[in-house]
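Note sheet for the following structure.
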Amino acid sequence: MTKHNLRHIKTLSLCALIAFTTSCKDDDKKEDTTMTKNENILLQEWTGPFDGVPAFDKMNVEDVKDAVEKGMELGLKDIEKIANNPEPPTFENTIAAMERSGKELDRVFTYYGILSSNMSSPEFRDIQTELAPKLSEYNSKISQNEKLFNRIKTVYEASQTTPLEDDQQRVVELTYKSFEMNGANLDAEKKKRYAEINKELSSLYTKFSNNVLHDEENYVTYLTKEQLGGLSESFTRSAAKIASDKGQDGKYAITNTRSSMDPFLTYSTERELRKQVWNNYYSRGDNGDEYDNKELIAQILKLRKERVGLMGYDNYAEWRLQDRMAKTPENAMDLMMAVWPAAIARVKEEVADMQAVANANGDNITIEPWDYRYYAEKVRQKKYDLDSEEVKQYLQLDKLTQALFYTAGRLFNYEFTPVAEGSVPVFHDDVKVWEVTDKDSGKHIGLWYLDPFAREGKRSGAWATTYRSHTTFDGDETVLASNNSNFVKPAPGEPVLVSWDDATTFFHEFGHALHFFSSNVKYPTLNGGVRDYTEFQSQLLERWLSTDEVINQFLVHHKTGEPIPASLVEKIKKASTFNQGFGTTEYLASALIDMKLHLADPENIDIEKFERETLKELNMPKELVMRHRTPHFGHVFSGEGYATAYYGYMWADVLTSDASEAFKEAPGGFYDAEVAKKLVDYLFAPRNSMDPAEAYRLFRGRDAKIEALMRDRGFPVPKK
Ligand SMILES: [Zn+2]
């Protein structure tokens, strides 16, 4: 949903917080370094208004490689300096020094992020491919620096008997933990094996992804003109274009990807073709040929278990979840299993509704997995009669942007003022910049960059990033945050009309931006995210789109200026619980398998059998499948990002639903001043400077309960 910072380097491990300043005082290469540094604009300190801003108007793809390499070189020099400091290790000379480091490379990565997500080109992608292994090597050089780790460990151990100030203590603990979780405490022999396993895993991950990609590219379903029943004109047009690009003029291509499969299964009247398209999609990585992923998965599971075993963990899930909000696999499983029965019970009702529609149509079928989306759509039209085109007439981008500012004003006391055109450099004319200040004191908080429109070279979807984050440990750093979307640019003078989903996403991404702006942390590490917590704040902000204040002022018809009718809003709200049996079940089945695979003994595991038997034990309804079947579950097997973490979406959803009820219950509703203050103070401003569970308790007076989520999904609330 979001791409927070492209600074993988930083989120991977705290250890990449390298180098700043002149590490080279006694170094005879100082002259060269300084010279090159000054020549390459990407490495330079930011100048200009608002405490300095990125020189987006001067950035060049040609400068990237040199800048990254120089940034890494400076980074490693400073790490060496910290590691070889003759003074005994202290918080200041070790942990704070690490926090202070990496500024040049950080600056380069702001430009790098723009060039990869907003303004990409084949030229840049070549550079990216060339730099990827070097950046990975750079990270390893830091995470495996023994002298550095010994210093961190000394500071950490001292802090266990003589605690530091709260925020310093947390930085020390997070830093130590990150090194420790990545094997820094192992002896030489185990470290060697650890590195071997990681290397082996990284090539298995690549192979896994490539196999899925192969099956996505090689199972295309071609339709003839007679087989287009039910499909929309725009879908047909793009299918024709894809077919002709693939040398099949006059035909229509259904590619083996979600964006092609999903609408086809929803609308096509050709049942046999639906079955074929469904089969192709859900068999990716599972075709029993050289691109089959099942054996790779077994190897990955074995290696993961061996690797965490070196550090004394029983299984991968236990290792992974220790620094997540859920803390243990049991907690994550408990949540999933609490929702599961209601989800599969709802599927039964949905199937019955669909079967009734099929029977009434005289279709003479029994609902199969390739029928679910098709008949669900028929039920939706019958039950909710919601015309998405009608809704769009009330959702103008300009007005929605004003609605964001209004919400931020009411909850955070922020004011947004456009900066004078040309005063802050931007990377494209479409990008607009606002200054964010405190309404009362006028204090400058930061700048908000909005890049709203689709263009070639911009990745799809919507995301939020920071170019600079708030910290105070070396003076007050103000925030530079951005939101990025892919709205279609209108003809001059025309309004940009967006769908309800897109408006919701717009609020979601702005939630990330508010999370960046409101940070009150002292150290950079404390700005970091916790995977099962960091989507919560942004999901929560989505709820303000349908508040009366926003509806009445900003959701107005682009021609008449009339607010959106209450009956239409009611329909939208009612439709939000529609098909939750399907959505929740397909998601949870994947999340449960993800967790159970990593809790199981991987020795001699048969992936196909494991998936089949586990789903059977869970009473998985036969009318649908996992959202991501194991052989193509890229979240979990093309890397480690979401391994035993796919549950995290629902974890954040529980918090979202529960927190939004705190507003519903308050006298002032969603704009209640007291709850809003707690929202800012406990849920937004602290970021990762306190344990998320503790922060939530301060907000709500108790832990989050599951009931609100059940209500939001239209499921029966379990009785205690
Ligand atoms: Zn997000």
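Here, A, B, ... name the chains of the structure tokens in the order displayed, residue numbers run from 1 inside each chain, and ligands are numbered from 1 in the same displayed order.
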Q.
Show me which residues are within 12 Å of ligand 1 counting only C-alpha atoms and all ligand atoms, and format the list as a ChimeraX atom specification.
A. /A:1-5,461-465,483-484,504-515,529,531-542,649,652-653
Writing out the chosen residues with N, CA and C atoms as a CSV table (one decimal), in the first residue's frame:
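Heads up, here's the output in part_28.csv:
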```csv
chain,number,residue,atom,x,y,z
A,1,MET,N,0.8,-1.2,0.0
A,1,MET,CA,0.0,0.0,0.0
A,1,MET,C,0.9,1.3,0.0
A,2,THR,N,2.0,1.1,0.7
A,2,THR,CA,2.8,2.3,0.8
A,2,THR,C,4.2,2.0,0.6
A,3,LYS,N,4.9,2.9,0.1
A,3,LYS,CA,6.4,2.7,0.1
A,3,LYS,C,6.9,3.8,1.0
A,4,HIS,N,7.3,3.5,2.1
A,4,HIS,CA,7.9,4.5,3.0
A,4,HIS,C,9.3,4.6,2.7
A,5,ASN,N,9.8,5.7,2.4
A,5,ASN,CA,11.3,5.8,2.2
A,5,ASN,C,11.8,4.7,1.3
A,461,GLY,N,0.3,3.0,-8.2
A,461,GLY,CA,-0.1,3.0,-6.8
A,461,GLY,C,0.1,4.3,-6.2
A,462,ALA,N,0.1,4.4,-4.9
A,462,ALA,CA,0.2,5.6,-4.1
A,462,ALA,C,1.2,5.3,-3.0
A,463,TRP,N,2.0,6.3,-2.6
A,463,TRP,CA,2.9,6.1,-1.5
A,463,TRP,C,3.3,7.4,-0.8
A,464,ALA,N,3.9,7.3,0.3
A,464,ALA,CA,4.4,8.4,1.1
A,464,ALA,C,5.9,8.2,1.4
A,465,THR,N,6.6,9.3,1.4
A,465,THR,CA,8.0,9.2,1.8
A,465,THR,C,8.4,10.4,2.6
A,483,ASN,N,3.7,13.0,-0.6
A,483,ASN,CA,2.6,12.1,-1.0
A,483,ASN,C,2.7,11.9,-2.5
A,484,ASN,N,2.4,10.7,-3.0
A,484,ASN,CA,2.6,10.5,-4.5
A,484,ASN,C,1.4,9.6,-4.9
A,504,THR,N,-10.1,7.3,-0.6
A,504,THR,CA,-9.7,6.7,0.7
A,504,THR,C,-8.1,6.5,0.8
A,505,THR,N,-7.6,6.1,-0.3
A,505,THR,CA,-6.1,5.9,-0.4
A,505,THR,C,-5.4,7.3,-0.2
A,506,PHE,N,-6.0,8.3,-0.8
A,506,PHE,CA,-5.4,9.7,-0.7
A,506,PHE,C,-5.3,10.1,0.8
A,507,PHE,N,-6.4,9.8,1.6
A,507,PHE,CA,-6.4,10.0,3.0
A,507,PHE,C,-5.4,9.1,3.7
A,508,HIS,N,-5.3,7.9,3.3
A,508,HIS,CA,-4.4,6.9,3.9
A,508,HIS,C,-2.9,7.4,3.8
A,509,GLU,N,-2.5,7.8,2.6
A,509,GLU,CA,-1.1,8.2,2.4
A,509,GLU,C,-0.9,9.5,3.2
A,510,PHE,N,-1.9,10.4,3.3
A,510,PHE,CA,-1.7,11.6,4.0
A,510,PHE,C,-1.5,11.3,5.5
A,511,GLY,N,-2.2,10.2,5.9
A,511,GLY,CA,-2.0,9.7,7.3
A,511,GLY,C,-0.5,9.4,7.6
A,512,HIS,N,0.2,8.8,6.6
A,512,HIS,CA,1.6,8.6,6.7
A,512,HIS,C,2.4,9.9,6.9
A,513,ALA,N,2.0,10.9,6.0
A,513,ALA,CA,2.6,12.2,6.1
A,513,ALA,C,2.4,12.8,7.4
A,514,LEU,N,1.2,12.8,8.0
A,514,LEU,CA,1.0,13.4,9.3
A,514,LEU,C,1.8,12.6,10.4
A,515,HIS,N,2.0,11.3,10.2
A,515,HIS,CA,2.8,10.6,11.1
A,515,HIS,C,4.3,11.1,11.1
A,529,GLY,N,9.8,2.2,11.8
A,529,GLY,CA,8.5,1.7,11.9
A,529,GLY,C,8.5,0.2,12.4
A,531,ARG,N,6.5,-3.3,11.8
A,531,ARG,CA,5.7,-3.7,10.6
A,531,ARG,C,4.2,-3.9,10.9
A,532,ASP,N,3.9,-4.5,12.0
A,532,ASP,CA,2.4,-4.7,12.3
A,532,ASP,C,1.8,-3.5,12.9
A,533,TYR,N,2.5,-2.4,13.0
A,533,TYR,CA,1.9,-1.2,13.7
A,533,TYR,C,1.9,0.0,12.7
A,534,THR,N,2.8,0.0,11.8
A,534,THR,CA,3.1,1.3,11.0
A,534,THR,C,2.0,1.6,10.0
A,535,GLU,N,1.1,0.7,9.7
A,535,GLU,CA,0.0,1.0,8.8
A,535,GLU,C,-1.2,1.4,9.5
A,536,PHE,N,-1.2,1.3,10.8
A,536,PHE,CA,-2.4,1.6,11.6
A,536,PHE,C,-2.7,3.1,11.6
A,537,GLN,N,-1.7,4.0,11.8
A,537,GLN,CA,-2.0,5.4,11.8
A,537,GLN,C,-2.6,5.9,10.5
A,538,SER,N,-2.1,5.3,9.4
A,538,SER,CA,-2.6,5.8,8.1
A,538,SER,C,-4.0,5.2,7.8
A,539,GLN,N,-4.2,3.9,8.2
A,539,GLN,CA,-5.5,3.3,8.0
A,539,GLN,C,-6.6,4.1,8.8
A,540,LEU,N,-6.2,4.5,10.0
A,540,LEU,CA,-7.1,5.2,10.9
A,540,LEU,C,-7.5,6.6,10.2
A,541,LEU,N,-6.6,7.2,9.6
A,541,LEU,CA,-6.9,8.5,9.0
A,541,LEU,C,-7.9,8.4,7.9
A,542,GLU,N,-8.0,7.3,7.3
A,542,GLU,CA,-9.0,7.0,6.2
A,542,GLU,C,-10.4,7.3,6.7
A,649,TYR,N,-1.3,-7.1,8.5
A,649,TYR,CA,-2.4,-6.2,8.0
A,649,TYR,C,-3.6,-6.3,8.9
A,652,ALA,N,-3.0,-4.5,12.3
A,652,ALA,CA,-3.2,-3.1,12.2
A,652,ALA,C,-4.7,-2.7,12.1
A,653,ASP,N,-5.4,-3.6,11.4
A,653,ASP,CA,-6.9,-3.4,11.3
A,653,ASP,C,-7.6,-3.4,12.6
```
Q | Nearby residues (only C-alpha atoms) at most 10 Å from A:Lys177, same-chain spacing under 2 positions excluded, as an MDAnalysis selection string | A | chainID A and resid 13:14 153 156 171:175 179:184 322:323
Q: Excluding A:Lys489 and any residue of its chain fewer than 5 positions from it, enumerate the residues within 9 Å of it, using only C-alpha atoms, and give them as a VMD selection string.
A: chain A and resid 452 to 455 496
Q: Might you pull out every residue within 8 Å of stretch 629-646 of chain A, with only C-alpha atoms counted and same-chain residues fewer than 5 positions away left off, and present them as a PyMOL selection string?
A: chain A and resi 202+204-206+208-209+212+282-286+292-294+297+300+316-317+320-321+531-532+590-591+593-595+598+607+611
Could you turn the residues from that selection into a file that holds N, CA, C and O atoms, as a short mmCIF file (atom, residue, chain, number, x, y, z; two decimals), in the first residue's frame?
```cif
data_model
loop_
_atom_site.label_atom_id
_atom_site.label_comp_id
_atom_site.auth_asym_id
_atom_site.auth_seq_id
_atom_site.Cartn_x
_atom_site.Cartn_y
_atom_site.Cartn_z
N SER A 202 19.37 -15.87 -0.56
CA SER A 202 19.13 -14.76 -1.48
C SER A 202 19.01 -15.28 -2.91
O SER A 202 18.20 -14.77 -3.68
N LEU A 204 17.87 -18.30 -3.68
CA LEU A 204 16.59 -19.01 -3.74
C LEU A 204 15.42 -18.02 -3.89
O LEU A 204 14.46 -18.28 -4.61
N TYR A 205 15.53 -16.88 -3.19
CA TYR A 205 14.48 -15.86 -3.30
C TYR A 205 14.35 -15.36 -4.74
O TYR A 205 13.26 -15.21 -5.28
N THR A 206 15.51 -15.09 -5.34
CA THR A 206 15.50 -14.61 -6.72
C THR A 206 14.89 -15.66 -7.65
O THR A 206 14.08 -15.35 -8.53
N PHE A 208 12.81 -18.03 -6.88
CA PHE A 208 11.37 -18.10 -6.58
C PHE A 208 10.62 -17.03 -7.37
O PHE A 208 9.66 -17.31 -8.08
N SER A 209 11.09 -15.79 -7.27
CA SER A 209 10.42 -14.69 -7.98
C SER A 209 10.44 -14.90 -9.48
O SER A 209 9.45 -14.64 -10.16
N VAL A 212 7.83 -17.40 -10.60
CA VAL A 212 6.48 -16.83 -10.61
C VAL A 212 6.33 -15.93 -11.83
O VAL A 212 5.34 -16.00 -12.57
N TYR A 282 -3.95 -19.37 -10.26
CA TYR A 282 -3.70 -20.01 -8.96
C TYR A 282 -2.75 -21.22 -9.06
O TYR A 282 -2.47 -21.88 -8.06
N SER A 283 -2.25 -21.49 -10.27
CA SER A 283 -1.24 -22.55 -10.42
C SER A 283 0.15 -21.98 -10.63
O SER A 283 1.09 -22.73 -10.90
N ARG A 284 0.28 -20.68 -10.52
CA ARG A 284 1.61 -20.11 -10.72
C ARG A 284 2.60 -20.73 -9.73
O ARG A 284 2.31 -20.86 -8.55
N GLY A 285 3.73 -21.15 -10.26
CA GLY A 285 4.75 -21.79 -9.41
C GLY A 285 4.39 -23.21 -9.00
O GLY A 285 5.06 -23.81 -8.17
N ASP A 286 3.33 -23.74 -9.59
CA ASP A 286 2.81 -25.05 -9.15
C ASP A 286 2.43 -25.91 -10.36
O ASP A 286 1.43 -26.60 -10.34
N ASP A 292 8.54 -24.91 -11.13
CA ASP A 292 7.73 -25.20 -9.95
C ASP A 292 8.49 -24.78 -8.69
O ASP A 292 9.67 -25.04 -8.54
N ASN A 293 7.79 -24.10 -7.78
CA ASN A 293 8.47 -23.53 -6.60
C ASN A 293 8.41 -24.40 -5.34
O ASN A 293 9.01 -24.04 -4.33
N LYS A 294 7.70 -25.51 -5.38
CA LYS A 294 7.45 -26.21 -4.12
C LYS A 294 8.73 -26.72 -3.45
O LYS A 294 8.89 -26.60 -2.24
N ILE A 297 10.62 -23.85 -1.86
CA ILE A 297 10.01 -23.41 -0.60
C ILE A 297 10.48 -24.29 0.55
O ILE A 297 10.84 -23.80 1.63
N ILE A 300 13.91 -23.25 1.40
CA ILE A 300 13.91 -21.95 2.10
C ILE A 300 13.53 -22.15 3.57
O ILE A 300 14.18 -21.63 4.47
N TYR A 316 11.44 -19.91 13.03
CA TYR A 316 11.59 -18.61 12.39
C TYR A 316 10.59 -17.58 12.93
O TYR A 316 10.92 -16.41 13.14
N ALA A 317 9.36 -18.04 13.16
CA ALA A 317 8.29 -17.12 13.59
C ALA A 317 8.64 -16.48 14.94
O ALA A 317 8.44 -15.27 15.13
N ARG A 320 11.28 -13.84 14.33
CA ARG A 320 10.79 -12.69 13.59
C ARG A 320 9.90 -11.77 14.43
O ARG A 320 9.96 -10.55 14.32
N LEU A 321 9.04 -12.37 15.25
CA LEU A 321 8.01 -11.57 15.91
C LEU A 321 8.46 -10.89 17.21
O LEU A 321 7.73 -10.09 17.77
N ARG A 531 6.54 -3.26 11.76
CA ARG A 531 5.73 -3.70 10.63
C ARG A 531 4.24 -3.90 10.90
O ARG A 531 3.40 -3.55 10.08
N ASP A 532 3.88 -4.47 12.02
CA ASP A 532 2.45 -4.70 12.26
C ASP A 532 1.77 -3.50 12.93
O ASP A 532 0.65 -3.59 13.39
N SER A 590 -4.16 -17.27 3.70
CA SER A 590 -2.75 -17.04 3.39
C SER A 590 -1.94 -16.73 4.64
O SER A 590 -0.84 -17.25 4.84
N ALA A 591 -2.49 -15.88 5.49
CA ALA A 591 -1.77 -15.48 6.70
C ALA A 591 -1.56 -16.68 7.63
O ALA A 591 -0.50 -16.82 8.26
N ILE A 593 -1.45 -19.92 6.72
CA ILE A 593 -0.48 -20.84 6.12
C ILE A 593 0.94 -20.28 6.29
O ILE A 593 1.88 -21.01 6.61
N ASP A 594 1.10 -18.99 6.08
CA ASP A 594 2.41 -18.36 6.28
C ASP A 594 2.94 -18.69 7.68
O ASP A 594 4.08 -19.15 7.85
N MET A 595 2.11 -18.48 8.68
CA MET A 595 2.57 -18.72 10.06
C MET A 595 2.79 -20.20 10.31
O MET A 595 3.82 -20.61 10.86
N HIS A 598 5.96 -21.82 9.00
CA HIS A 598 7.19 -21.49 9.73
C HIS A 598 7.21 -22.05 11.15
O HIS A 598 8.21 -21.96 11.83
N ILE A 607 5.17 -29.61 0.49
CA ILE A 607 4.44 -28.33 0.49
C ILE A 607 2.99 -28.49 0.03
O ILE A 607 2.07 -27.96 0.64
N GLU A 611 -0.15 -27.73 2.54
CA GLU A 611 -1.17 -26.72 2.25
C GLU A 611 -2.56 -27.35 2.25
O GLU A 611 -3.49 -26.84 2.89
#
```
Q.
Need to verify the contact set: A:Met650, 10 Å, only C-alpha atoms, exclusion of same-chain residues closer than 5 positions in sequence. Can you return it as an MDAnalysis selection string?
A. chainID A and resid 332 335:336 339 532 536 584 587:588 591 655:656 709
Q. Quick one: residues within 7 Å of stretch 223-229 of chain A, only C-alpha atoms counted, chain neighbours fewer than 2 positions away excluded, as number ranges by chain?
A. A: 221, 231, 251-253, 268-270
Please produce an output containing N, CA and C atoms for each residue in the selection, written as a compact mmCIF listing (two decimals), in the first residue's frame.
```txt
# COMPACT_ATOMS: atom_id res chain seq x y z
N THR A 221 -4.17 -16.14 -21.75
CA THR A 221 -5.38 -16.68 -22.38
C THR A 221 -5.84 -15.72 -23.47
N LEU A 231 -17.57 -8.19 -20.60
CA LEU A 231 -16.39 -7.36 -20.35
C LEU A 231 -16.62 -5.92 -20.79
N LYS A 251 -6.94 -10.56 -31.59
CA LYS A 251 -7.38 -11.31 -30.41
C LYS A 251 -7.33 -10.42 -29.17
N TYR A 252 -7.70 -11.01 -28.03
CA TYR A 252 -7.76 -10.26 -26.77
C TYR A 252 -7.02 -11.07 -25.71
N ALA A 253 -6.03 -10.44 -25.06
CA ALA A 253 -5.19 -11.20 -24.14
C ALA A 253 -5.59 -10.98 -22.69
N SER A 268 -16.68 -11.66 -16.84
CA SER A 268 -16.85 -12.50 -18.02
C SER A 268 -18.01 -13.49 -17.86
N THR A 269 -18.81 -13.61 -18.89
CA THR A 269 -19.92 -14.55 -18.87
C THR A 269 -19.50 -15.95 -19.33
N GLU A 270 -18.24 -16.09 -19.77
CA GLU A 270 -17.76 -17.37 -20.31
C GLU A 270 -17.20 -18.24 -19.19
```
Q | Contact residues around A:Leu545 with only C-alpha atoms at 12 Å, ignoring same-chain residues under 4 positions, as number ranges by chain | A | A: 395, 399-408, 500-508, 510-511, 539-541, 549-555, 569, 572-573, 670
Q) Out of A:Tyr414, A:Tyr372, A:Tyr267, A:Tyr671, which residue has the shortest atom-to-atom distance to A:Gly581 when counting only C-alpha atoms? A) A:Tyr372
Q: Mind the document's chain letters and residue numbers, and return as an NGL selection string the residues of stretch 340-565 of chain A that DSSP labels strand (DSSP E).
A: :A and (414-418 or 432-438 or 444-453 or 463-468 or 479-487)
Keeping N, CA and C atoms for every residue in the selection just given, could you write it to a file as a CSV table (one decimal), in the first residue's frame?
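Final output, saved to part_4.csv:
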```csv
chain,number,residue,atom,x,y,z
A,414,TYR,N,-2.6,21.9,12.5
A,414,TYR,CA,-1.6,22.3,11.4
A,414,TYR,C,-2.3,23.3,10.4
A,415,GLU,N,-1.5,24.1,9.8
A,415,GLU,CA,-2.0,25.0,8.7
A,415,GLU,C,-1.1,24.7,7.5
A,416,PHE,N,-1.7,24.6,6.3
A,416,PHE,CA,-1.0,24.3,5.1
A,416,PHE,C,-1.1,25.5,4.2
A,417,THR,N,0.1,26.1,3.8
A,417,THR,CA,0.1,27.3,3.0
A,417,THR,C,1.0,27.0,1.7
A,418,PRO,N,0.4,27.2,0.5
A,418,PRO,CA,1.3,26.9,-0.6
A,418,PRO,C,2.5,27.8,-0.6
A,432,LYS,N,3.6,20.0,-6.4
A,432,LYS,CA,3.3,21.3,-5.7
A,432,LYS,C,3.7,21.1,-4.2
A,433,VAL,N,4.1,22.3,-3.6
A,433,VAL,CA,4.7,22.2,-2.3
A,433,VAL,C,3.9,23.2,-1.3
A,434,TRP,N,3.6,22.7,-0.1
A,434,TRP,CA,3.0,23.5,0.9
A,434,TRP,C,3.9,23.6,2.1
A,435,GLU,N,3.8,24.7,2.8
A,435,GLU,CA,4.5,24.8,4.1
A,435,GLU,C,3.5,24.4,5.2
A,436,VAL,N,4.0,23.7,6.1
A,436,VAL,CA,3.2,23.3,7.3
A,436,VAL,C,3.6,24.0,8.5
A,437,THR,N,2.7,24.7,9.2
A,437,THR,CA,3.0,25.4,10.4
A,437,THR,C,2.0,25.1,11.5
A,438,ASP,N,2.3,25.4,12.7
A,438,ASP,CA,1.3,25.3,13.8
A,438,ASP,C,0.4,26.5,13.7
A,444,HIS,N,7.3,26.8,12.3
A,444,HIS,CA,7.4,26.0,11.0
A,444,HIS,C,7.6,24.5,11.4
A,445,ILE,N,6.9,23.6,10.7
A,445,ILE,CA,7.0,22.2,11.0
A,445,ILE,C,7.6,21.5,9.9
A,446,GLY,N,7.3,21.9,8.6
A,446,GLY,CA,7.9,21.2,7.5
A,446,GLY,C,7.3,21.6,6.2
A,447,LEU,N,7.6,20.8,5.2
A,447,LEU,CA,7.1,21.1,3.8
A,447,LEU,C,6.4,19.8,3.4
A,448,TRP,N,5.3,19.9,2.7
A,448,TRP,CA,4.6,18.8,2.1
A,448,TRP,C,4.6,18.9,0.6
A,449,TYR,N,5.2,17.9,0.0
A,449,TYR,CA,5.3,17.8,-1.5
A,449,TYR,C,4.2,16.9,-2.0
A,450,LEU,N,3.4,17.3,-3.0
A,450,LEU,CA,2.4,16.4,-3.5
A,450,LEU,C,2.7,16.2,-5.0
A,451,ASP,N,2.9,14.9,-5.4
A,451,ASP,CA,3.1,14.6,-6.8
A,451,ASP,C,1.9,13.8,-7.3
A,452,PRO,N,0.8,14.4,-7.8
A,452,PRO,CA,-0.5,13.7,-7.9
A,452,PRO,C,-0.6,12.8,-9.1
A,453,PHE,N,0.0,13.2,-10.3
A,453,PHE,CA,-0.4,12.6,-11.5
A,453,PHE,C,0.5,11.4,-12.0
A,463,TRP,N,2.0,6.3,-2.6
A,463,TRP,CA,2.9,6.1,-1.5
A,463,TRP,C,3.3,7.4,-0.8
A,464,ALA,N,3.9,7.3,0.3
A,464,ALA,CA,4.4,8.4,1.1
A,464,ALA,C,5.9,8.2,1.4
A,465,THR,N,6.6,9.3,1.4
A,465,THR,CA,8.0,9.2,1.8
A,465,THR,C,8.4,10.4,2.6
A,466,THR,N,9.6,10.3,3.2
A,466,THR,CA,10.2,11.6,3.8
A,466,THR,C,11.5,11.8,3.1
A,467,TYR,N,11.8,13.0,2.8
A,467,TYR,CA,13.1,13.4,2.4
A,467,TYR,C,14.0,13.8,3.6
A,468,ARG,N,13.3,14.3,4.6
A,468,ARG,CA,14.0,14.6,5.9
A,468,ARG,C,13.1,14.3,7.0
A,479,VAL,N,10.7,18.6,9.0
A,479,VAL,CA,10.3,17.5,8.1
A,479,VAL,C,10.0,17.9,6.7
A,480,LEU,N,10.5,17.1,5.8
A,480,LEU,CA,10.2,17.2,4.4
A,480,LEU,C,9.5,15.9,4.0
A,481,ALA,N,8.1,15.9,3.8
A,481,ALA,CA,7.4,14.7,3.5
A,481,ALA,C,6.7,14.8,2.2
A,482,SER,N,6.5,13.7,1.5
A,482,SER,CA,5.8,13.7,0.2
A,482,SER,C,4.7,12.7,0.2
A,483,ASN,N,3.7,13.0,-0.6
A,483,ASN,CA,2.6,12.1,-1.0
A,483,ASN,C,2.7,11.9,-2.5
A,484,ASN,N,2.4,10.7,-3.0
A,484,ASN,CA,2.6,10.5,-4.5
A,484,ASN,C,1.4,9.6,-4.9
A,485,SER,N,0.7,10.0,-6.0
A,485,SER,CA,-0.4,9.2,-6.5
A,485,SER,C,-0.3,9.1,-8.0
A,486,ASN,N,-1.3,8.4,-8.6
A,486,ASN,CA,-1.3,8.2,-10.0
A,486,ASN,C,-2.7,8.6,-10.6
A,487,PHE,N,-3.2,9.8,-10.2
A,487,PHE,CA,-4.4,10.2,-10.8
A,487,PHE,C,-4.1,10.6,-12.3
```
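Of the listed residues (A:Arg170, A:Lys382, A:Glu707, A:Ser203), A:Arg170 comes nearest to A:Asn688; the distances count only C-alpha atoms.
Interatomic distance, atom CA of A:Asn604 to atom CA of A:Glu290: 20.0 Å.
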Q. Where does DSSP see helix (DSSP H, G or I) in stretch 279-524 of chain A, if you list the residues as a ChimeraX atom specification?
A. /A:279-282,294-310,316-321,329-360,369-384,388-392,397-412,500-517,524
**Q.** Minimum-distance residue to A:Pro329, chosen among A:Glu368, A:Gly648, A:Phe473, A:Lys616 (using only C-alpha atoms)
**A.** A:Gly648
Q) In Å, with one decimal, what is the gap from atom CA of A:Val351 to atom CA of A:Leu624? A) 10.1 Å
